[in-house]
Amino acid sequence: MLLEREWVTLRDPDDNHRRYTFDVSFLLSSYTCIYGAGCPSVQPEGGEPSLGCCTHGAYLTEEDDGDELSRIARDGLDAAIMQHHASAQTDGVLQTDEDGEVLTRVVDGACVFLNREGFSGGIGCALHHLAVNRGVHHRTYKPLVCWQVPLHRTIDEQVANDGETLEVHTIAAYERGHWGEGGSDFGWWCLDDDLAFVGAEPVYRSMADELRAMVGEVIYAELARYLDRRRHQRHRVVFLPTV
């Protein structure tokens with residue numbers, strides 16, 4: 001299978017030793033999250049659609065504050081908006097796996113924050129519902145992996161010509177291999193199939209808030225100007241692989 005991508009690299013005007021490389025093919029694609037609108041969930045053979053990509057819980061990163069997540073569950077959510085609110089109050093919302101990594105607790109096959117089919121408060125992430133109710137972006141409350149996906153960041157350090165460390169941030173699609181050894185065990189319908197490529201806007205516009213949070217306003221503005229021009233030009237490399 002031939003995997004082609006188009007990339008662009010921007011220099012941080014405030015730091016001569018930082019670069020941002022972007023997956024142009026994905027950012028110009030029509031991907032959009034179709035949770036609740038045809039998403040078959042990430043279970044290998046499909047499954048309960050309301051489980052979405054939340055079946056394994058959300059692994060926290062150094063940027064996530066587990067204590068703050070627990071506080072929100074305690075003081076910001078209630079049984080009207082969070083289906084497993086009672087369980088969260090009794091047993092908490094976090095757990096530690098066998099490798100010592102912290103993640104949101106899994107209850108009945110999915111994240112404790114996930115509302116299932118038939119819940120009066122609506123399916124989907126209770127943290128997302130809370131953000132919508134309060135009129136803020138959902139990244140205000142959700143763990144980093146939850147609001148970034150399907151965007152993925154890697155940071156590589158190289159030695160520049162002046163001997164200083166050059167930091168290269170690559171912002172690309174969160175593809176199957178990024179999930180590690182378990183990546184082949186579930187259905188990553190988001191990007192492996194054209195099912196979700198039905199958005200009215202390209203990703204760099206529909207996920208503008210997420211990109212701004214990842215790279216800052218100055219870099220995003222420059223990226224958007226470049227992609228505004230590029231999207232109207234011919235001979236672009238499309239994201240979905242060709243055989």
# chains A, B, ... in the order shown; residues from 1 in each chain; ligands from 1

call {"tool": "select_by_dssp", "arguments": {"residues": "region 9-39 of chain A", "states": "helix (DSSP H, G or I)", "output": "MDAnalysis selection string"}}
result
chainID A and resid 24:27

call {"tool": "residues_around", "arguments": {"residues": "Ile155 (chain A)", "least_positions_apart": "6", "cutoff": "8 Å", "atoms": "only C-alpha atoms", "output": "VMD selection string"}}
result
chain A and resid 167 to 170

call {"tool": "atom_distance", "arguments": {"atom1": "CA of Leu51 (chain A)", "atom2": "CA of Thr154 (chain A)"}}
result
27.1 Å

call {"tool": "residues_around", "arguments": {"residues": "region 99-109 of chain A", "least_positions_apart": "6", "cutoff": "8 Å", "atoms": "only C-alpha atoms", "output": "PyMOL selection string"}}
result
chain A and resi 55-60+92-93

call {"tool": "write_last_selection", "arguments": {"atoms": "C-alpha atoms", "output": "CSV table (one decimal), in the first residue's frame"}}
result
chain,number,residue,atom,x,y,z
A,55,THR,CA,-13.5,1.7,25.6
A,56,HIS,CA,-10.0,1.8,27.1
A,57,GLY,CA,-10.3,4.9,29.3
A,58,ALA,CA,-8.2,8.0,28.7
A,59,TYR,CA,-4.5,7.7,29.6
A,60,LEU,CA,-3.3,10.9,31.4
A,92,GLY,CA,-13.2,7.7,42.0
A,93,VAL,CA,-12.6,8.4,38.3

call {"tool": "select_by_dssp", "arguments": {"residues": "region 47-200 of chain A", "states": "strand (DSSP E or B)", "output": "number ranges by chain"}}
result
A: 59, 94-96, 102-104, 106-107, 110-111, 114-115, 124-125, 151-159, 165-173

call {"tool": "atom_distance", "arguments": {"atom1": "CA of Val42 (chain A)", "atom2": "CA of Leu211 (chain A)"}}
result
24.2 Å

call {"tool": "residues_around", "arguments": {"residues": "region 232-241 of chain A", "least_positions_apart": "5", "cutoff": "9 Å", "atoms": "only C-alpha atoms", "output": "compact mmCIF listing (two decimals) with N, CA and C atoms, in the first residue's frame"}}
result
# COMPACT_ATOMS: atom_id res chain seq x y z
N MET A 1 0.84 -1.18 0.00
CA MET A 1 0.00 0.00 0.00
C MET A 1 0.88 1.25 0.00
N LEU A 2 0.60 2.17 -0.90
CA LEU A 2 1.37 3.39 -1.03
C LEU A 2 0.81 4.45 -0.09
N LEU A 3 1.64 4.96 0.83
CA LEU A 3 1.22 5.99 1.76
C LEU A 3 1.94 7.29 1.43
N GLU A 4 1.24 8.21 0.84
CA GLU A 4 1.82 9.50 0.48
C GLU A 4 1.29 10.57 1.43
N ARG A 5 2.15 11.54 1.75
CA ARG A 5 1.75 12.67 2.57
C ARG A 5 2.42 13.93 2.03
N GLU A 6 1.76 15.03 2.25
CA GLU A 6 2.33 16.33 1.96
C GLU A 6 2.54 17.04 3.29
N ASP A 23 1.12 17.85 8.91
CA ASP A 23 0.62 16.92 7.90
C ASP A 23 -0.44 17.65 7.08
N VAL A 24 -0.02 18.24 5.99
CA VAL A 24 -0.91 19.02 5.13
C VAL A 24 -2.05 18.17 4.59
N SER A 25 -1.74 16.94 4.21
CA SER A 25 -2.75 16.06 3.62
C SER A 25 -3.92 15.85 4.57
N PHE A 26 -3.62 15.66 5.85
CA PHE A 26 -4.70 15.46 6.81
C PHE A 26 -5.40 16.77 7.14
N LEU A 27 -4.66 17.82 7.34
CA LEU A 27 -5.28 19.09 7.72
C LEU A 27 -6.17 19.66 6.63
N LEU A 28 -5.93 19.28 5.38
CA LEU A 28 -6.79 19.72 4.28
C LEU A 28 -7.91 18.72 3.98
N SER A 29 -7.94 17.63 4.72
CA SER A 29 -8.97 16.61 4.48
C SER A 29 -10.31 17.04 5.09
N LEU A 191 -9.71 6.99 10.78
CA LEU A 191 -8.77 7.36 9.73
C LEU A 191 -8.46 6.24 8.74
N ASP A 192 -8.89 5.02 9.04
CA ASP A 192 -8.63 3.91 8.13
C ASP A 192 -9.67 3.79 7.04
N ASP A 193 -10.76 4.51 7.16
CA ASP A 193 -11.90 4.35 6.27
C ASP A 193 -12.41 5.74 5.90
N ASP A 194 -13.13 5.84 4.80
CA ASP A 194 -13.64 7.15 4.40
C ASP A 194 -14.94 7.53 5.11
N LEU A 227 -2.47 27.22 4.30
CA LEU A 227 -3.45 26.21 3.89
C LEU A 227 -4.63 26.82 3.15

call {"tool": "residues_around", "arguments": {"residues": "Leu69 (chain A)", "least_positions_apart": "5", "cutoff": "9 Å", "atoms": "only C-alpha atoms", "output": "number ranges by chain"}}
result
A: 64, 74, 93-94, 141-143

call {"tool": "residues_around", "arguments": {"residues": "Val218 (chain A)", "least_positions_apart": "2", "cutoff": "12 Å", "atoms": "only C-alpha atoms", "output": "number ranges by chain"}}
result
A: 10-15, 20, 211-216, 220-225

call {"tool": "write_last_selection", "arguments": {"atoms": "C-alpha atoms", "output": "mmCIF file, in the first residue's frame"}}
result
data_model
loop_
_atom_site.group_PDB
_atom_site.id
_atom_site.type_symbol
_atom_site.label_atom_id
_atom_site.label_comp_id
_atom_site.auth_asym_id
_atom_site.auth_seq_id
_atom_site.Cartn_x
_atom_site.Cartn_y
_atom_site.Cartn_z
ATOM 1 C CA LEU A 10 7.171 26.521 9.895
ATOM 2 C CA ARG A 11 9.782 28.191 12.067
ATOM 3 C CA ASP A 12 8.694 29.621 15.393
ATOM 4 C CA PRO A 13 9.378 33.389 15.086
ATOM 5 C CA ASP A 14 9.855 33.601 18.859
ATOM 6 C CA ASP A 15 12.323 30.725 19.106
ATOM 7 C CA TYR A 20 6.591 22.870 13.545
ATOM 8 C CA LEU A 211 -4.470 23.534 16.817
ATOM 9 C CA ARG A 212 -4.168 26.941 18.476
ATOM 10 C CA ALA A 213 -3.842 25.216 21.849
ATOM 11 C CA MET A 214 -1.137 22.925 20.470
ATOM 12 C CA VAL A 215 1.040 25.453 18.618
ATOM 13 C CA GLY A 216 -0.055 28.952 19.656
ATOM 14 C CA TYR A 220 -1.636 28.723 13.701
ATOM 15 C CA ALA A 221 -2.283 31.986 11.865
ATOM 16 C CA GLU A 222 0.684 31.371 9.557
ATOM 17 C CA LEU A 223 -0.396 27.767 8.995
ATOM 18 C CA ALA A 224 -3.961 28.828 8.186
ATOM 19 C CA ARG A 225 -2.755 31.424 5.669
#

call {"tool": "atom_distance", "arguments": {"atom1": "CA of Leu151 (chain A)", "atom2": "CA of Trp7 (chain A)"}}
result
14.4 Å

call {"tool": "closest_residue", "arguments": {"among": "A:Arg176, A:His129, A:Arg139, A:Arg229", "to": "Gln83 (chain A)", "atoms": "only C-alpha atoms"}}
result
A:His129

call {"tool": "closest_residue", "arguments": {"among": "A:Leu130, A:Cys146, A:Val112, A:Cys125", "to": "Asp75 (chain A)", "atoms": "only C-alpha atoms"}}
result
A:Leu130

call {"tool": "closest_residue", "arguments": {"among": "A:Cys39, A:Val136, A:Ala88, A:Ala73", "to": "Asp209 (chain A)", "atoms": "only C-alpha atoms"}}
result
A:Val136

call {"tool": "residues_around", "arguments": {"residues": "Phe119 (chain A)", "least_positions_apart": "3", "cutoff": "12 Å", "atoms": "only C-alpha atoms", "output": "JSON, numbers by chain"}}
result
{"A": [50, 79, 80, 81, 82, 83, 84, 114, 115, 116, 122, 123, 124, 125, 126]}

call {"tool": "closest_residue", "arguments": {"among": "A:Cys190, A:Ser87, A:Thr9, A:Trp147", "to": "Gly38 (chain A)", "atoms": "only C-alpha atoms"}}
result
A:Cys190

call {"tool": "closest_residue", "arguments": {"among": "A:Asp156, A:Asn16, A:Gly52, A:Arg230", "to": "Cys111 (chain A)", "atoms": "only C-alpha atoms"}}
result
A:Gly52

call {"tool": "decode", "arguments": {"residues": "region 80-205 of chain A", "atoms": "C-alpha atoms", "output": "compact mmCIF listing (two decimals), in the first residue's frame"}}
result
# COMPACT_ATOMS: atom_id res chain seq x y z
CA ALA A 80 -28.28 14.47 35.44
CA ILE A 81 -25.27 14.86 33.17
CA MET A 82 -23.06 11.89 34.15
CA GLN A 83 -24.54 8.41 33.99
CA HIS A 84 -21.91 6.86 36.29
CA HIS A 85 -21.86 9.75 38.75
CA ALA A 86 -22.67 7.55 41.76
CA SER A 87 -19.86 5.15 40.86
CA ALA A 88 -17.46 8.07 40.46
CA GLN A 89 -18.30 9.39 43.92
CA THR A 90 -17.80 5.98 45.49
CA ASP A 91 -14.74 4.67 43.65
CA GLY A 92 -13.24 7.73 41.99
CA VAL A 93 -12.60 8.40 38.32
CA LEU A 94 -8.96 7.29 37.99
CA GLN A 95 -7.15 3.97 38.00
CA THR A 96 -3.57 2.76 37.53
CA ASP A 97 -2.73 0.02 35.05
CA GLU A 98 -0.21 -2.79 35.48
CA ASP A 99 2.56 -0.58 34.10
CA GLY A 100 1.85 2.16 36.63
CA GLU A 101 0.20 4.51 34.15
CA VAL A 102 -2.80 6.55 35.26
CA LEU A 103 -5.99 6.57 33.21
CA THR A 104 -9.67 7.27 33.66
CA ARG A 105 -11.43 4.34 35.30
CA VAL A 106 -13.16 1.82 33.05
CA VAL A 107 -16.72 0.93 34.10
CA ASP A 108 -18.73 -1.70 32.25
CA GLY A 109 -16.39 -1.70 29.26
CA ALA A 110 -15.73 2.01 28.79
CA CYS A 111 -14.59 5.25 30.44
CA VAL A 112 -16.42 6.22 33.63
CA PHE A 113 -17.26 9.59 32.05
CA LEU A 114 -19.01 8.02 29.06
CA ASN A 115 -22.81 8.11 28.94
CA ARG A 116 -24.37 5.14 27.14
CA GLU A 117 -27.35 4.66 24.88
CA GLY A 118 -30.65 5.42 26.63
CA PHE A 119 -29.25 7.78 29.29
CA SER A 120 -31.57 10.76 29.73
CA GLY A 121 -28.65 13.20 29.79
CA GLY A 122 -27.53 12.12 26.32
CA ILE A 123 -24.84 9.78 25.02
CA GLY A 124 -21.18 10.75 24.97
CA CYS A 125 -18.62 12.23 27.32
CA ALA A 126 -20.07 13.88 30.43
CA LEU A 127 -17.10 16.26 30.44
CA HIS A 128 -17.97 17.28 26.88
CA HIS A 129 -21.59 17.89 27.88
CA LEU A 130 -20.41 19.99 30.82
CA ALA A 131 -18.29 22.15 28.51
CA VAL A 132 -21.19 22.66 26.10
CA ASN A 133 -23.53 23.59 28.96
CA ARG A 134 -21.03 26.16 30.23
CA GLY A 135 -20.29 27.57 26.78
CA VAL A 136 -16.59 26.68 26.72
CA HIS A 137 -14.48 24.49 24.46
CA HIS A 138 -14.43 20.85 25.54
CA ARG A 139 -10.64 20.87 25.96
CA THR A 140 -11.31 22.94 29.10
CA TYR A 141 -12.26 19.75 30.94
CA LYS A 142 -11.25 16.71 28.89
CA PRO A 143 -7.88 14.90 29.10
CA LEU A 144 -5.37 15.88 26.45
CA VAL A 145 -5.66 12.71 24.37
CA CYS A 146 -9.45 13.11 24.23
CA TRP A 147 -9.49 16.64 22.85
CA GLN A 148 -6.49 16.25 20.55
CA VAL A 149 -7.45 13.02 18.76
CA PRO A 150 -7.29 12.57 15.82
CA LEU A 151 -4.41 15.07 15.92
CA HIS A 152 -1.13 13.71 17.23
CA ARG A 153 2.04 15.51 18.33
CA THR A 154 5.56 14.12 18.49
CA ILE A 155 8.55 16.16 19.66
CA ASP A 156 12.03 15.32 18.40
CA GLU A 157 15.25 16.98 19.46
CA GLN A 158 18.11 17.43 17.02
CA VAL A 159 21.46 19.19 17.18
CA ALA A 160 21.43 22.37 15.11
CA ASN A 161 24.42 23.75 13.18
CA ASP A 162 25.21 26.11 16.05
CA GLY A 163 25.42 23.20 18.48
CA GLU A 164 22.16 24.12 20.21
CA THR A 165 19.19 21.78 20.50
CA LEU A 166 16.61 22.10 17.74
CA GLU A 167 13.12 21.10 18.82
CA VAL A 168 10.86 19.76 16.07
CA HIS A 169 7.14 19.38 16.76
CA THR A 170 5.30 17.20 14.25
CA ILE A 171 1.52 17.63 14.16
CA ALA A 172 -0.09 14.85 12.15
CA ALA A 173 -2.99 12.42 12.05
CA TYR A 174 -3.32 10.00 14.98
CA GLU A 175 -2.90 6.84 12.97
CA ARG A 176 -3.11 3.25 14.11
CA GLY A 177 0.61 2.88 14.79
CA HIS A 178 0.57 5.73 17.29
CA TRP A 179 -1.48 3.59 19.67
CA GLY A 180 1.46 1.25 20.22
CA GLU A 181 1.30 -2.53 20.43
CA GLY A 182 -2.47 -2.57 20.89
CA GLY A 183 -3.10 -0.48 17.81
CA SER A 184 -3.85 -3.47 15.63
CA ASP A 185 -6.43 -4.84 18.06
CA PHE A 186 -9.26 -2.40 17.50
CA GLY A 187 -11.18 -0.82 14.66
CA TRP A 188 -9.61 2.60 14.00
CA TRP A 189 -12.44 3.60 11.68
CA CYS A 190 -11.70 7.32 12.12
CA LEU A 191 -8.77 7.36 9.73
CA ASP A 192 -8.63 3.91 8.13
CA ASP A 193 -11.90 4.35 6.27
CA ASP A 194 -13.64 7.15 4.40
CA LEU A 195 -16.62 6.91 6.77
CA ALA A 196 -15.65 10.03 8.72
CA PHE A 197 -14.38 12.13 5.81
CA VAL A 198 -17.63 14.01 5.39
CA GLY A 199 -16.93 17.34 7.09
CA ALA A 200 -18.05 20.65 5.63
CA GLU A 201 -14.70 22.26 6.46
CA PRO A 202 -11.09 21.07 6.27
CA VAL A 203 -9.56 19.89 9.54
CA TYR A 204 -7.38 22.97 10.01
CA ARG A 205 -10.59 25.02 10.23
